[in-house]
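Peer 1: Input structure: upload-v4.txt, which contains compact mmCIF, C-alpha atoms and all ligand atoms.
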```txt
# COMPACT_ATOMS: atom_id res chain seq x y z
CA MET T 1 0.00 0.00 0.00
CA ALA T 2 2.74 2.46 1.01
CA ASP T 3 4.57 1.62 -2.19
CA ILE T 4 1.53 2.34 -4.33
CA ARG T 5 1.26 5.78 -2.73
CA ARG T 6 4.89 6.50 -3.54
CA LEU T 7 4.79 5.12 -7.08
CA LEU T 8 1.43 6.46 -8.11
CA PRO T 9 0.89 9.95 -6.74
CA ALA T 10 -2.64 11.33 -6.82
CA SER T 11 -3.21 13.30 -10.02
CA GLY T 12 -2.29 16.98 -9.58
CA ILE T 13 -4.90 17.94 -12.17
CA ARG T 14 -7.65 16.05 -10.37
CA ALA T 15 -6.54 17.67 -7.07
CA ILE T 16 -7.45 21.11 -8.46
CA PHE T 17 -10.63 19.71 -10.03
CA ASN T 18 -11.64 18.28 -6.63
CA ILE T 19 -11.10 21.58 -4.75
CA ALA T 20 -13.12 23.32 -7.46
CA GLY T 21 -15.85 20.70 -6.94
CA GLU T 22 -15.94 21.42 -3.18
CA MET T 23 -16.28 25.13 -3.87
CA GLU T 24 -19.11 24.47 -6.29
CA ARG T 25 -20.95 22.35 -3.75
CA LYS T 26 -20.88 25.44 -1.54
CA GLY T 27 -22.55 27.39 -4.33
CA GLU T 28 -19.50 29.14 -5.84
CA LYS T 29 -19.18 29.33 -9.62
CA VAL T 30 -15.79 28.17 -10.85
CA LEU T 31 -14.40 28.61 -14.37
CA HIS T 32 -12.86 25.27 -15.33
CA LEU T 33 -9.62 25.60 -17.21
CA GLU T 34 -7.89 22.68 -15.54
CA ILE T 35 -9.22 19.64 -17.38
CA GLY T 36 -8.20 18.58 -20.89
CA ARG T 37 -11.73 18.37 -22.12
CA PRO T 38 -12.66 19.84 -25.48
CA ASP T 39 -16.19 21.20 -25.28
CA TRP T 40 -17.65 20.97 -28.72
CA LYS T 41 -20.58 19.27 -30.43
CA LEU T 42 -20.36 15.58 -31.29
CA PRO T 43 -19.43 14.68 -34.87
CA PRO T 44 -22.32 13.87 -37.20
CA GLY T 45 -23.95 10.47 -36.83
CA VAL T 46 -22.29 9.09 -33.71
CA GLU T 47 -25.02 9.88 -31.21
CA ASP T 48 -27.80 8.27 -33.27
CA ALA T 49 -25.68 5.24 -34.02
CA ALA T 50 -24.80 4.73 -30.34
CA VAL T 51 -28.40 5.22 -29.18
CA ASP T 52 -29.65 2.82 -31.85
CA ALA T 53 -27.10 0.26 -30.67
CA LEU T 54 -28.11 0.71 -27.06
CA ARG T 55 -31.85 0.51 -27.81
CA GLY T 56 -31.27 -2.43 -30.10
CA GLY T 57 -29.70 -4.37 -27.23
CA PHE T 58 -26.09 -4.13 -28.40
CA VAL T 59 -25.01 -4.05 -24.77
CA HIS T 60 -22.91 -7.15 -24.24
CA TYR T 61 -19.25 -8.14 -24.28
CA ILE T 62 -17.51 -7.74 -27.60
CA ALA T 63 -14.19 -9.13 -28.88
CA ASN T 64 -11.18 -8.30 -26.68
CA ARG T 65 -9.73 -6.18 -29.43
CA GLY T 66 -13.04 -4.37 -29.94
CA LEU T 67 -15.45 -4.23 -32.87
CA LEU T 68 -13.77 -5.40 -36.05
CA GLU T 69 -15.72 -2.84 -38.14
CA LEU T 70 -14.25 -0.04 -36.06
CA ARG T 71 -10.75 -1.50 -36.23
CA GLU T 72 -11.15 -1.65 -40.01
CA ALA T 73 -12.19 2.00 -40.08
CA ILE T 74 -9.15 2.90 -37.97
CA ALA T 75 -6.84 0.97 -40.31
CA ARG T 76 -8.23 3.02 -43.24
CA ASP T 77 -7.74 6.22 -41.25
CA ILE T 78 -4.11 5.35 -40.48
CA LYS T 79 -3.54 4.55 -44.15
CA ARG T 80 -4.97 7.92 -45.22
CA ARG T 81 -2.92 9.85 -42.67
CA THR T 82 0.40 7.97 -42.80
CA GLY T 83 0.39 5.73 -45.86
CA ARG T 84 0.99 2.67 -43.65
CA ASP T 85 -0.99 -0.56 -43.61
CA TYR T 86 -2.09 -2.06 -40.31
CA ASN T 87 -4.01 -5.30 -40.12
CA PRO T 88 -7.25 -4.70 -38.20
CA GLU T 89 -7.42 -8.37 -37.16
CA SER T 90 -4.03 -8.58 -35.51
CA GLU T 91 -2.42 -5.15 -35.24
CA ILE T 92 -5.08 -2.84 -33.79
CA ILE T 93 -6.66 -2.91 -30.33
CA LEU T 94 -9.52 -0.70 -29.16
CA THR T 95 -8.97 0.44 -25.59
CA ILE T 96 -10.67 2.44 -22.85
CA GLY T 97 -9.26 5.74 -24.07
CA GLY T 98 -5.68 6.59 -24.90
CA SER T 99 -5.04 6.27 -21.16
CA GLU T 100 -5.48 2.51 -21.18
CA ALA T 101 -3.55 2.30 -24.45
CA VAL T 102 -0.47 3.94 -22.90
CA CYS T 103 -0.80 1.79 -19.79
CA MET T 104 -1.14 -1.40 -21.77
CA ALA T 105 1.80 -0.57 -24.04
CA MET T 106 4.12 0.11 -21.15
CA LEU T 107 3.04 -2.84 -19.03
CA ALA T 108 3.52 -5.14 -22.01
CA MET T 109 6.88 -3.81 -23.20
CA ILE T 110 8.72 -2.52 -20.12
CA GLY T 111 10.30 -4.69 -17.45
CA PRO T 112 12.50 -4.24 -14.39
CA GLY T 113 15.66 -2.30 -15.20
CA ASP T 114 14.38 -0.91 -18.49
CA GLU T 115 14.67 2.81 -19.03
CA VAL T 116 12.06 4.88 -20.80
CA ILE T 117 12.86 8.34 -22.10
CA VAL T 118 10.03 10.68 -21.18
CA PRO T 119 10.28 14.22 -22.54
CA LEU T 120 9.07 16.88 -20.11
CA PRO T 121 6.92 18.79 -19.62
CA SER T 122 4.33 16.18 -20.54
CA TRP T 123 1.09 14.47 -19.64
CA PRO T 124 1.66 13.19 -16.09
CA HIS T 125 0.62 9.59 -16.80
CA TYR T 126 3.77 8.31 -18.48
CA SER T 127 6.25 8.16 -15.58
CA PRO T 128 4.02 6.48 -12.97
CA ILE T 129 3.14 3.79 -15.51
CA VAL T 130 6.80 3.22 -16.37
CA GLU T 131 7.42 2.75 -12.65
CA MET T 132 4.38 0.50 -12.29
CA ALA T 133 5.95 -1.71 -14.95
CA GLY T 134 9.20 -1.83 -12.93
CA GLY T 135 11.07 0.48 -15.31
CA ARG T 136 12.78 3.80 -14.76
CA PRO T 137 11.75 7.05 -16.43
CA VAL T 138 14.66 9.11 -17.76
CA TYR T 139 13.75 12.71 -18.41
CA VAL T 140 14.60 15.03 -21.26
CA HIS T 141 13.69 18.60 -20.33
CA GLY T 142 12.19 20.91 -22.91
CA ARG T 143 13.13 24.57 -22.66
CA ALA T 144 10.92 27.61 -23.14
CA GLU T 145 13.71 29.33 -25.10
CA ASP T 146 13.56 26.52 -27.68
CA GLY T 147 9.77 26.78 -27.81
CA PHE T 148 9.70 23.41 -25.96
CA ALA T 149 10.95 21.72 -29.14
CA TYR T 150 12.36 18.20 -28.88
CA ILE T 151 16.13 18.61 -29.29
CA PRO T 152 17.67 15.41 -30.72
CA GLU T 153 20.96 16.04 -28.89
CA ASP T 154 19.10 15.90 -25.54
CA PHE T 155 17.61 12.53 -26.51
CA ARG T 156 21.00 11.22 -27.64
CA ALA T 157 22.50 12.19 -24.26
CA ALA T 158 19.71 10.38 -22.39
CA ILE T 159 20.07 7.07 -24.25
CA THR T 160 21.91 4.26 -22.42
CA ASP T 161 22.27 0.51 -22.99
CA ARG T 162 19.13 0.07 -20.92
CA THR T 163 16.88 2.40 -22.92
CA ARG T 164 13.92 0.34 -24.07
CA MET T 165 11.41 2.99 -25.15
CA ILE T 166 11.14 6.66 -26.11
CA VAL T 167 7.83 8.46 -25.64
CA LEU T 168 7.01 11.04 -28.31
CA SER T 169 3.89 13.02 -27.56
CA ASN T 170 3.00 15.40 -30.34
CA PRO T 171 1.29 17.90 -30.25
CA ASN T 172 2.21 18.30 -26.64
CA ASN T 173 0.16 18.52 -23.49
CA PRO T 174 0.78 20.93 -21.62
CA THR T 175 2.74 23.26 -23.93
CA GLY T 176 0.78 22.90 -27.18
CA THR T 177 4.10 22.52 -29.03
CA VAL T 178 3.95 20.94 -32.47
CA GLN T 179 7.27 19.21 -33.11
CA LYS T 180 9.22 19.85 -36.28
CA ARG T 181 9.80 17.16 -38.87
CA GLU T 182 13.61 17.40 -38.81
CA ASN T 183 13.81 16.92 -35.03
CA LEU T 184 11.38 14.00 -35.06
CA LYS T 185 13.24 12.41 -37.95
CA GLU T 186 16.55 12.61 -36.12
CA ILE T 187 15.11 11.22 -32.87
CA VAL T 188 13.49 8.37 -34.81
CA ARG T 189 16.84 7.69 -36.51
CA LEU T 190 18.57 7.52 -33.12
CA ALA T 191 15.92 5.19 -31.74
CA LEU T 192 16.06 2.83 -34.72
CA GLU T 193 19.84 2.77 -34.65
CA LYS T 194 19.81 1.71 -30.98
CA ASP T 195 16.91 -0.71 -31.35
CA ILE T 196 14.65 1.37 -29.10
CA LEU T 197 10.88 1.19 -29.31
CA ILE T 198 8.94 4.41 -29.92
CA LEU T 199 5.62 5.11 -28.27
CA ALA T 200 3.89 7.80 -30.35
CA ASP T 201 1.02 9.44 -28.50
CA GLU T 202 -0.85 11.50 -31.08
CA VAL T 203 -4.17 12.20 -29.40
CA TYR T 204 -3.96 15.92 -30.32
CA GLN T 205 -3.13 15.29 -33.98
CA ASP T 206 -6.13 17.27 -35.28
CA PHE T 207 -5.45 20.38 -33.20
CA VAL T 208 -2.66 22.01 -35.17
CA PHE T 209 -2.73 25.75 -35.86
CA GLU T 210 0.88 26.42 -36.80
CA GLY T 211 3.10 24.05 -38.77
CA GLU T 212 1.99 20.52 -39.54
CA HIS T 213 1.48 17.37 -37.57
CA ILE T 214 3.98 14.69 -38.59
CA PRO T 215 2.63 11.25 -37.72
CA ILE T 216 5.54 9.17 -36.44
CA ALA T 217 4.31 6.21 -38.50
CA SER T 218 5.14 8.21 -41.62
CA LEU T 219 8.80 8.21 -40.45
CA VAL T 220 9.04 4.61 -39.25
CA GLU T 221 8.80 1.85 -41.81
CA ASP T 222 9.49 -1.04 -39.46
CA LYS T 223 6.27 -1.54 -37.50
CA SER T 224 8.06 -3.62 -34.87
CA ARG T 225 9.77 -0.45 -33.62
CA LEU T 226 6.63 1.62 -33.05
CA ILE T 227 3.46 1.66 -30.98
CA ILE T 228 0.91 4.28 -32.03
CA VAL T 229 -1.52 5.47 -29.39
CA ASN T 230 -4.57 7.46 -30.29
CA SER T 231 -8.06 8.27 -29.10
CA PHE T 232 -11.48 9.55 -30.06
CA SER T 233 -11.51 11.72 -26.92
CA LYS T 234 -9.99 14.95 -28.17
CA SER T 235 -10.45 15.12 -31.96
CA TYR T 236 -14.13 14.26 -31.74
CA ALA T 237 -14.96 15.76 -28.32
CA MET T 238 -15.82 12.27 -27.05
CA THR T 239 -13.85 12.08 -23.77
CA GLY T 240 -16.65 10.25 -21.95
CA TRP T 241 -17.07 7.56 -24.61
CA ARG T 242 -13.72 6.07 -23.63
CA ILE T 243 -12.56 4.92 -27.05
CA GLY T 244 -8.83 4.80 -27.69
CA TRP T 245 -6.64 2.50 -29.71
CA THR T 246 -3.17 1.16 -30.38
CA ALA T 247 -1.58 0.15 -33.66
CA SER T 248 1.62 -1.89 -33.70
CA ASP T 249 2.98 -5.05 -35.28
CA ALA T 250 1.18 -8.30 -34.46
CA ARG T 251 3.74 -9.57 -31.96
CA ILE T 252 3.60 -6.44 -29.80
CA SER T 253 -0.15 -6.21 -30.32
CA ASP T 254 -0.61 -9.75 -29.04
CA ALA T 255 1.41 -8.96 -25.90
CA MET T 256 -0.63 -5.81 -25.29
CA ASN T 257 -3.89 -7.62 -25.91
CA ARG T 258 -3.05 -10.06 -23.13
CA ILE T 259 -2.72 -7.15 -20.69
CA HIS T 260 -5.90 -5.57 -22.06
CA GLN T 261 -7.82 -8.83 -21.66
CA TYR T 262 -7.09 -8.98 -17.92
CA LEU T 263 -7.40 -5.24 -17.37
CA THR T 264 -10.74 -4.50 -19.03
CA VAL T 265 -11.72 -7.54 -21.19
CA CYS T 266 -12.97 -5.20 -23.93
CA GLY T 267 -14.19 -1.68 -24.58
CA VAL T 268 -17.78 -0.42 -24.44
CA SER T 269 -19.95 -2.14 -27.06
CA PHE T 270 -22.48 0.59 -27.89
CA ALA T 271 -19.91 3.39 -27.74
CA GLN T 272 -17.76 1.61 -30.31
CA LYS T 273 -20.82 0.91 -32.46
CA GLY T 274 -21.58 4.63 -32.40
CA ALA T 275 -18.10 5.42 -33.74
CA VAL T 276 -18.04 2.87 -36.59
CA GLY T 277 -19.22 5.23 -39.34
CA LEU T 278 -17.38 8.31 -38.12
CA LEU T 279 -13.92 8.07 -39.65
CA ASP T 280 -15.21 7.49 -43.20
CA ASP T 281 -18.00 10.07 -42.96
CA ASP T 282 -17.52 12.72 -45.64
CA ARG T 283 -18.80 15.41 -43.27
CA LEU T 284 -15.84 14.78 -40.93
CA PRO T 285 -13.30 17.14 -42.60
CA HIS T 286 -15.78 20.01 -42.26
CA TYR T 287 -16.45 19.12 -38.62
CA LEU T 288 -12.73 19.11 -37.84
CA ALA T 289 -12.07 22.36 -39.71
CA GLU T 290 -14.90 24.10 -37.86
CA MET T 291 -13.64 22.84 -34.52
CA LYS T 292 -10.11 23.92 -35.27
CA GLU T 293 -11.29 27.43 -36.14
CA GLU T 294 -13.23 27.67 -32.88
CA PHE T 295 -10.23 26.52 -30.84
CA ARG T 296 -8.02 29.02 -32.59
CA ARG T 297 -10.48 31.76 -31.53
CA ARG T 298 -10.31 30.51 -27.94
CA TYR T 299 -6.51 30.62 -28.08
CA GLU T 300 -6.56 34.16 -29.50
CA VAL T 301 -8.37 35.32 -26.34
CA TRP T 302 -5.35 34.25 -24.29
CA ARG T 303 -2.78 35.54 -26.71
CA ASN T 304 -4.37 38.99 -26.62
CA ALA T 305 -4.87 38.89 -22.85
CA PHE T 306 -1.24 38.05 -22.10
CA ASN T 307 0.29 40.21 -24.81
CA GLY T 308 2.65 42.68 -23.08
CA LEU T 309 1.43 41.75 -19.59
CA ASP T 310 4.12 42.10 -16.90
CA TYR T 311 5.30 38.86 -15.25
CA VAL T 312 3.85 36.65 -17.99
CA THR T 313 5.82 35.00 -20.79
CA LEU T 314 3.93 32.85 -23.23
CA VAL T 315 5.62 30.53 -25.71
CA PRO T 316 3.14 30.53 -28.61
CA PRO T 317 1.77 27.01 -29.00
CA GLY T 318 1.29 25.41 -32.39
CA GLY T 319 -1.60 23.20 -31.38
CA ALA T 320 -3.52 21.10 -28.83
CA PHE T 321 -5.74 23.29 -26.63
CA TYR T 322 -3.33 24.27 -23.90
CA ILE T 323 -1.05 27.16 -23.11
CA PHE T 324 1.80 26.92 -20.62
CA PRO T 325 2.72 30.49 -19.67
CA ASP T 326 5.53 31.30 -17.25
CA ILE T 327 4.01 33.54 -14.58
CA ARG T 328 6.74 35.05 -12.39
CA ILE T 329 5.05 36.93 -9.61
CA PRO T 330 7.70 37.69 -6.96
CA ASP T 331 7.76 35.23 -4.05
CA MET T 332 5.04 33.06 -5.48
CA ASN T 333 5.46 29.71 -7.18
CA ALA T 334 2.85 28.28 -9.52
CA ARG T 335 1.28 26.07 -6.88
CA THR T 336 0.50 29.01 -4.61
CA PHE T 337 -0.58 31.10 -7.58
CA CYS T 338 -3.02 28.43 -8.80
CA GLU T 339 -4.50 27.91 -5.35
CA LYS T 340 -4.97 31.64 -4.91
CA CYS T 341 -6.54 31.95 -8.36
CA LEU T 342 -8.99 29.22 -7.54
CA ARG T 343 -9.96 30.55 -4.12
CA GLU T 344 -9.87 34.29 -4.89
CA ILE T 345 -11.04 34.64 -8.49
CA ARG T 346 -12.56 31.17 -9.00
CA VAL T 347 -10.45 30.28 -12.00
CA ALA T 348 -9.16 26.69 -11.98
CA ILE T 349 -5.76 26.19 -13.67
CA VAL T 350 -2.97 23.68 -13.04
CA PRO T 351 0.53 24.35 -11.65
CA GLY T 352 3.32 23.50 -14.07
CA ASP T 353 5.20 21.15 -11.74
CA VAL T 354 2.44 18.60 -12.30
CA PHE T 355 3.99 18.16 -15.77
CA GLY T 356 7.62 18.12 -14.60
CA ASP T 357 9.44 19.33 -11.46
CA ARG T 358 11.35 22.08 -13.20
CA TYR T 359 8.27 23.86 -14.46
CA ASP T 360 7.15 25.26 -11.12
CA ARG T 361 6.89 28.78 -12.52
CA CYS T 362 4.50 27.81 -15.30
CA VAL T 363 0.79 27.09 -15.26
CA ARG T 364 -1.29 25.09 -17.69
CA ILE T 365 -4.42 26.69 -19.00
CA SER T 366 -6.76 24.46 -20.96
CA TYR T 367 -8.96 26.39 -23.36
CA GLY T 368 -11.27 23.45 -23.98
CA ARG T 369 -14.32 25.22 -22.60
CA ASN T 370 -16.36 27.68 -24.68
CA LEU T 371 -15.31 31.14 -25.86
CA GLU T 372 -17.37 32.92 -23.21
CA THR T 373 -15.58 31.01 -20.44
CA GLN T 374 -12.20 31.89 -21.94
CA THR T 375 -13.07 35.57 -22.23
CA GLU T 376 -14.29 35.79 -18.64
CA ALA T 377 -11.39 33.74 -17.22
CA ALA T 378 -8.79 35.77 -19.14
CA ALA T 379 -10.28 39.05 -17.89
CA ARG T 380 -10.22 37.82 -14.28
CA LEU T 381 -6.69 36.49 -14.54
CA VAL T 382 -5.26 39.62 -16.16
CA GLU T 383 -6.86 41.84 -13.53
CA TYR T 384 -5.52 39.56 -10.80
CA ILE T 385 -1.95 39.54 -12.14
CA ARG T 386 -1.99 43.35 -12.56
CA LYS T 387 -2.63 43.68 -8.83
CA PHE T 388 0.88 42.36 -8.18
CA VAL T 389 2.65 44.69 -10.59
C1 LIG T 401 -1.08 13.40 -24.19
C2 LIG T 401 -2.30 12.62 -23.80
N1 LIG T 401 -2.37 11.33 -24.15
C3 LIG T 401 -3.43 10.58 -23.86
C4 LIG T 401 -4.50 11.10 -23.17
C5 LIG T 401 -5.63 10.18 -22.86
O1 LIG T 401 -6.90 10.60 -23.15
P1 LIG T 401 -8.10 9.57 -23.22
O2 LIG T 401 -7.83 8.49 -22.23
O3 LIG T 401 -9.33 10.35 -22.88
O4 LIG T 401 -8.13 9.05 -24.61
C6 LIG T 401 -4.47 12.44 -22.75
C7 LIG T 401 -5.57 13.03 -21.98
O5 LIG T 401 -5.54 14.12 -21.48
C8 LIG T 401 -3.33 13.22 -23.09
O6 LIG T 401 -3.23 14.51 -22.75
```
Show me this structure written as structure tokens.

Peer 2:
Amino acid sequence: MADIRRLLPASGIRAIFNIAGEMERKGEKVLHLEIGRPDWKLPPGVEDAAVDALRGGFVHYIANRGLLELREAIARDIKRRTGRDYNPESEIILTIGGSEAVCMAMLAMIGPGDEVIVPLPSWPHYSPIVEMAGGRPVYVHGRAEDGFAYIPEDFRAAITDRTRMIVLSNPNNPTGTVQKRENLKEIVRLALEKDILILADEVYQDFVFEGEHIPIASLVEDKSRLIIVNSFSKSYAMTGWRIGWTASDARISDAMNRIHQYLTVCGVSFAQKGAVGLLDDDRLPHYLAEMKEEFRRRYEVWRNAFNGLDYVTLVPPGGAFYIFPDIRIPDMNARTFCEKCLREIRVAIVPGDVFGDRYDRCVRISYGRNLETQTEAAARLVEYIRKFV
């Protein structure tokens, strides 16, 4: 029990969410900018298809790997985006969100003594799972002055004889950084040269405002060196449906499926049924374009609010729906700042050290909620920060 507490700390994001919840139970109105939830309408067709499935009694266990029709649709989607072929029968697994996918991949592939390179700042799930698997996370620290870009030299320096896996998470949570092709290419080259597996977490692939998203699969020909993790949560505003997936070669996929089978047996039947038609729907490009435009507007609110504001430095993100500004109010670290913001102006944001120890002067702001929420929260935050100037 004591070991679990040490290895798996309570989520820092949920901690803020829980305090906000307590305040709301007392009748206070909190603006939620702490959770990575994109508020947007559902894509066309999915709701009806899921309700039809539910009403039609499609409510039982399904194959461990999930509905074959949906795996086939995912294989077509990967082909369109990356040019690579994945066999839906043996190389794709539908999971309970990208969260289970990452967990399953690490538990299957990492063992005691293995090192996993985790670039920081990043989604706080990777390291605890590496440790759960008996491995050791080795950190590569992104720097604001480089725009939080992945620097191949940093990865090279972190590689040892024990390195088993490199995590590449692009676009990034919490910085919104979209990694450049040349850096990714060089890191992939290093990994392949040293026989290191790459875990590519691309759940924010459709939220790119500057530059382009380079799917790692387009850079890696040998499928045995790569595990792709993805999800319906962010691109399609379906966080509660819990549909994620992995694509990898059959040998790795079989190992992961064995973990998946004991962890969850299978995903949610009617949710998966709802998603079957989505990826091939010809209305999807319009849906995604509209959503991207809206998220760009939400980001613009923050860019304008922080422009020229004392104490605040913002590295412009290229995508996702997060910003990770450095807020340097004298004698106040991000933890204290976030707690004060929540209690005094009822704006919930997350301290940067949740995403990596060194980032204790940054905060993560998620602009997933609607434009009105962003406008109100930005006004409150700017006024609050000005008080300290
Ligand atoms: C980088 C990253 N990967 C994966 C996930 C998992 O999301 P889900 O389990 O909802 O698919 C998240 C969620 O915030 C994330 O930020």

Peer 1: Nearest to ligand LIG 401 (chain T) among T:Gly319, T:Gly97, T:Gly113, T:Gly147, with distances taken over all atoms listed in the file: which residue is it?

Peer 2: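 Of the candidates, the smallest distance to ligand LIG 401 (chain T) is held by T:Gly97.
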
Peer 1: Neighbours of ligand LIG 401 (chain T) at 9 Å or closer, counting only C-alpha atoms and all ligand atoms: which residues, as a PyMOL selection string?

Peer 2: chain T and resi 35-37+95-102+122-126+169-174+201-204+229-234+238-245+320

Peer 1: Between T:Asp281, T:Glu145, T:Asp206, T:Asp77, which one has atoms that come closest to Phe321 (chain T), using all atoms listed in the file?

Peer 2: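 The closest residue to Phe321 (chain T) is T:Asp206.
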
Peer 1: Excluding Leu168 (chain T) and its own-chain neighbours fewer than 5 positions away, which residues fall within 8 Å of it when counting only C-alpha atoms? Please give them as a VMD selection string.

Peer 2: chain T and resid 118 to 119 198 to 201

Peer 1: Do a neighbour search on Ser269 (chain T) at 9 Å with only C-alpha atoms, toss out local chain neighbours closer than 4 positions, and write the hits as a ChimeraX atom specification.

Peer 2: /T:53-54,58-62,66-67,273-274

Peer 1: From the set T:Leu219, T:Ala271, T:Ala157, T:Ile259, which residue has the shortest atom-to-atom contact distance to Ala49 (chain T), counting only C-alpha atoms?

Peer 2: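 Looking only at the distances to Ala49 (chain T), the closest residue turns out to be T:Ala271.
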
Peer 1: Using only C-alpha atoms, determine which residues lie at most 9 Å from Glu376 (chain T), disregarding the query and same-chain residues fewer than 5 positions distant; provide the list as an NGL selection string.

Peer 2: :T and (31 or 371 or 381)

Peer 1: Report as a PyMOL selection string all protein, DNA and RNA residues lying within 10 Å of Ile19 (chain T), evaluated on all atoms listed in the file, omitting residues in the same chain fewer than 5 positions from it.

Peer 2: chain T and resi 14+24-25+339+342-343+348

Peer 1: Would you please work out which residue, of T:Lys41, T:Lys79, T:Arg162, T:His141, is nearest to Pro112 (chain T) when using only C-alpha atoms?

Peer 2: T:Arg162

Peer 1: For a test of reading the model, state the distance in Å between CA of Ile110 (chain T) and CA of Met165 (chain T), rounded to one decimal.

Peer 2: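 Taking CA of Ile110 (chain T) and CA of Met165 (chain T), their separation equals 7.9 Å.
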
Peer 1: Taking (-9.6, 29.2, -27.8) in the file's coordinates as the center, which residues reach within 9 Å of it, counting only C-alpha atoms, put as a ChimeraX atom specification?

Peer 2: /T:293-302,321-322,366-371,374

Peer 1: If I take CA of Ile187 (chain T) and CA of Ile228 (chain T), how far is one from the other in Å, to one decimal?

Peer 2: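 CA of Ile228 (chain T) lies 15.8 Å from CA of Ile187 (chain T).
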
Peer 1: Return the single residue from T:Ala10, T:Val140, T:Val350, T:Ala250 that is closest to Pro128 (chain T), with distances computed using only C-alpha atoms.

Peer 2: T:Ala10

Peer 1: Compare T:Asp360, T:Glu210, T:Asp249, T:Asp326 by their minimum atom-to-atom distance to Ala144 (chain T), counting only C-alpha atoms, and give me the closest one.

Peer 2: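 Nearest candidate to Ala144 (chain T) out of T:Asp360, T:Glu210, T:Asp249, T:Asp326: T:Asp326.
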
Peer 1: To box region 210-219 of chain T, take all atoms listed in the file, fit an axis-aligned box, add 5 Å on each side, and give centre and edge lengths in Å to one decimal, as lines of an AutoDock Vina configuration file.

Peer 2:
```
center_x = 4.8
center_y = 16.3
center_z = -39.0
size_x = 17.9
size_y = 30.2
size_z = 15.2
```

Peer 1: Rounded to one decimal place, report the CA of Ile93 (chain T)-CA of Ser224 (chain T) distance in Å.

Peer 2: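 About the pair CA of Ile93 (chain T) and CA of Ser224 (chain T): they are 15.4 Å apart.
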
Peer 1: Compile the contact shell of Arg358 (chain T) as a list in words: residues with an atom at most 10 Å away, counting all atoms listed in the file, same-chain residues fewer than 6 positions apart removed.

Peer 2: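 In the requested form, the answer reads Leu120, Pro121, His141, Gly142, Arg143 and Gly352 of chain T.
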
Peer 1: Just to be explicit: take each residue in the selection above, keep C-alpha atoms, and write the result as a PDB file, in the frame of the given file.

Peer 2:
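result36.pdb was written with the following content:
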```
ATOM      1  CA  LEU T 120       9.070  16.880 -20.110  1.00  0.00           C
ATOM      2  CA  PRO T 121       6.920  18.790 -19.620  1.00  0.00           C
ATOM      3  CA  HIS T 141      13.690  18.600 -20.330  1.00  0.00           C
ATOM      4  CA  GLY T 142      12.190  20.910 -22.910  1.00  0.00           C
ATOM      5  CA  ARG T 143      13.130  24.570 -22.660  1.00  0.00           C
ATOM      6  CA  GLY T 352       3.320  23.500 -14.070  1.00  0.00           C
TER       7      GLY T 352
END
```

Peer 1: Since the input is missing atoms, can you rebuild N, CA and C atoms for region 265-276 of chain T and write them as a PDB file, in the frame of the given file?

Peer 2:
```pdb
ATOM      1  N   VAL T 265     -11.058  -6.572 -20.303  1.00  0.00           N
ATOM      2  CA  VAL T 265     -11.720  -7.540 -21.190  1.00  0.00           C
ATOM      3  C   VAL T 265     -11.947  -6.949 -22.579  1.00  0.00           C
ATOM      4  N   CYS T 266     -12.719  -5.837 -22.631  1.00  0.00           N
ATOM      5  CA  CYS T 266     -12.970  -5.200 -23.930  1.00  0.00           C
ATOM      6  C   CYS T 266     -13.501  -3.791 -23.660  1.00  0.00           C
ATOM      7  N   GLY T 267     -13.638  -3.028 -24.721  1.00  0.00           N
ATOM      8  CA  GLY T 267     -14.190  -1.680 -24.580  1.00  0.00           C
ATOM      9  C   GLY T 267     -15.705  -1.715 -24.470  1.00  0.00           C
ATOM     10  N   VAL T 268     -16.330  -0.552 -24.643  1.00  0.00           N
ATOM     11  CA  VAL T 268     -17.780  -0.420 -24.440  1.00  0.00           C
ATOM     12  C   VAL T 268     -18.506  -0.646 -25.769  1.00  0.00           C
ATOM     13  N   SER T 269     -19.350  -1.680 -25.801  1.00  0.00           N
ATOM     14  CA  SER T 269     -19.950  -2.140 -27.060  1.00  0.00           C
ATOM     15  C   SER T 269     -20.696  -1.020 -27.817  1.00  0.00           C
ATOM     16  N   PHE T 270     -21.643  -0.367 -27.147  1.00  0.00           N
ATOM     17  CA  PHE T 270     -22.480   0.590 -27.890  1.00  0.00           C
ATOM     18  C   PHE T 270     -21.735   1.877 -28.229  1.00  0.00           C
ATOM     19  N   ALA T 271     -20.723   2.216 -27.408  1.00  0.00           N
ATOM     20  CA  ALA T 271     -19.910   3.390 -27.740  1.00  0.00           C
ATOM     21  C   ALA T 271     -19.133   3.113 -29.033  1.00  0.00           C
ATOM     22  N   GLN T 272     -18.535   1.950 -29.095  1.00  0.00           N
ATOM     23  CA  GLN T 272     -17.760   1.610 -30.310  1.00  0.00           C
ATOM     24  C   GLN T 272     -18.673   1.536 -31.525  1.00  0.00           C
ATOM     25  N   LYS T 273     -19.868   0.992 -31.343  1.00  0.00           N
ATOM     26  CA  LYS T 273     -20.820   0.910 -32.460  1.00  0.00           C
ATOM     27  C   LYS T 273     -21.130   2.322 -32.964  1.00  0.00           C
ATOM     28  N   GLY T 274     -21.284   3.248 -32.028  1.00  0.00           N
ATOM     29  CA  GLY T 274     -21.580   4.630 -32.400  1.00  0.00           C
ATOM     30  C   GLY T 274     -20.480   5.241 -33.265  1.00  0.00           C
ATOM     31  N   ALA T 275     -19.252   4.799 -33.048  1.00  0.00           N
ATOM     32  CA  ALA T 275     -18.100   5.420 -33.740  1.00  0.00           C
ATOM     33  C   ALA T 275     -17.773   4.756 -35.072  1.00  0.00           C
ATOM     34  N   VAL T 276     -18.436   3.640 -35.403  1.00  0.00           N
ATOM     35  CA  VAL T 276     -18.040   2.870 -36.590  1.00  0.00           C
ATOM     36  C   VAL T 276     -18.043   3.692 -37.879  1.00  0.00           C
TER      37      VAL T 276
END
```
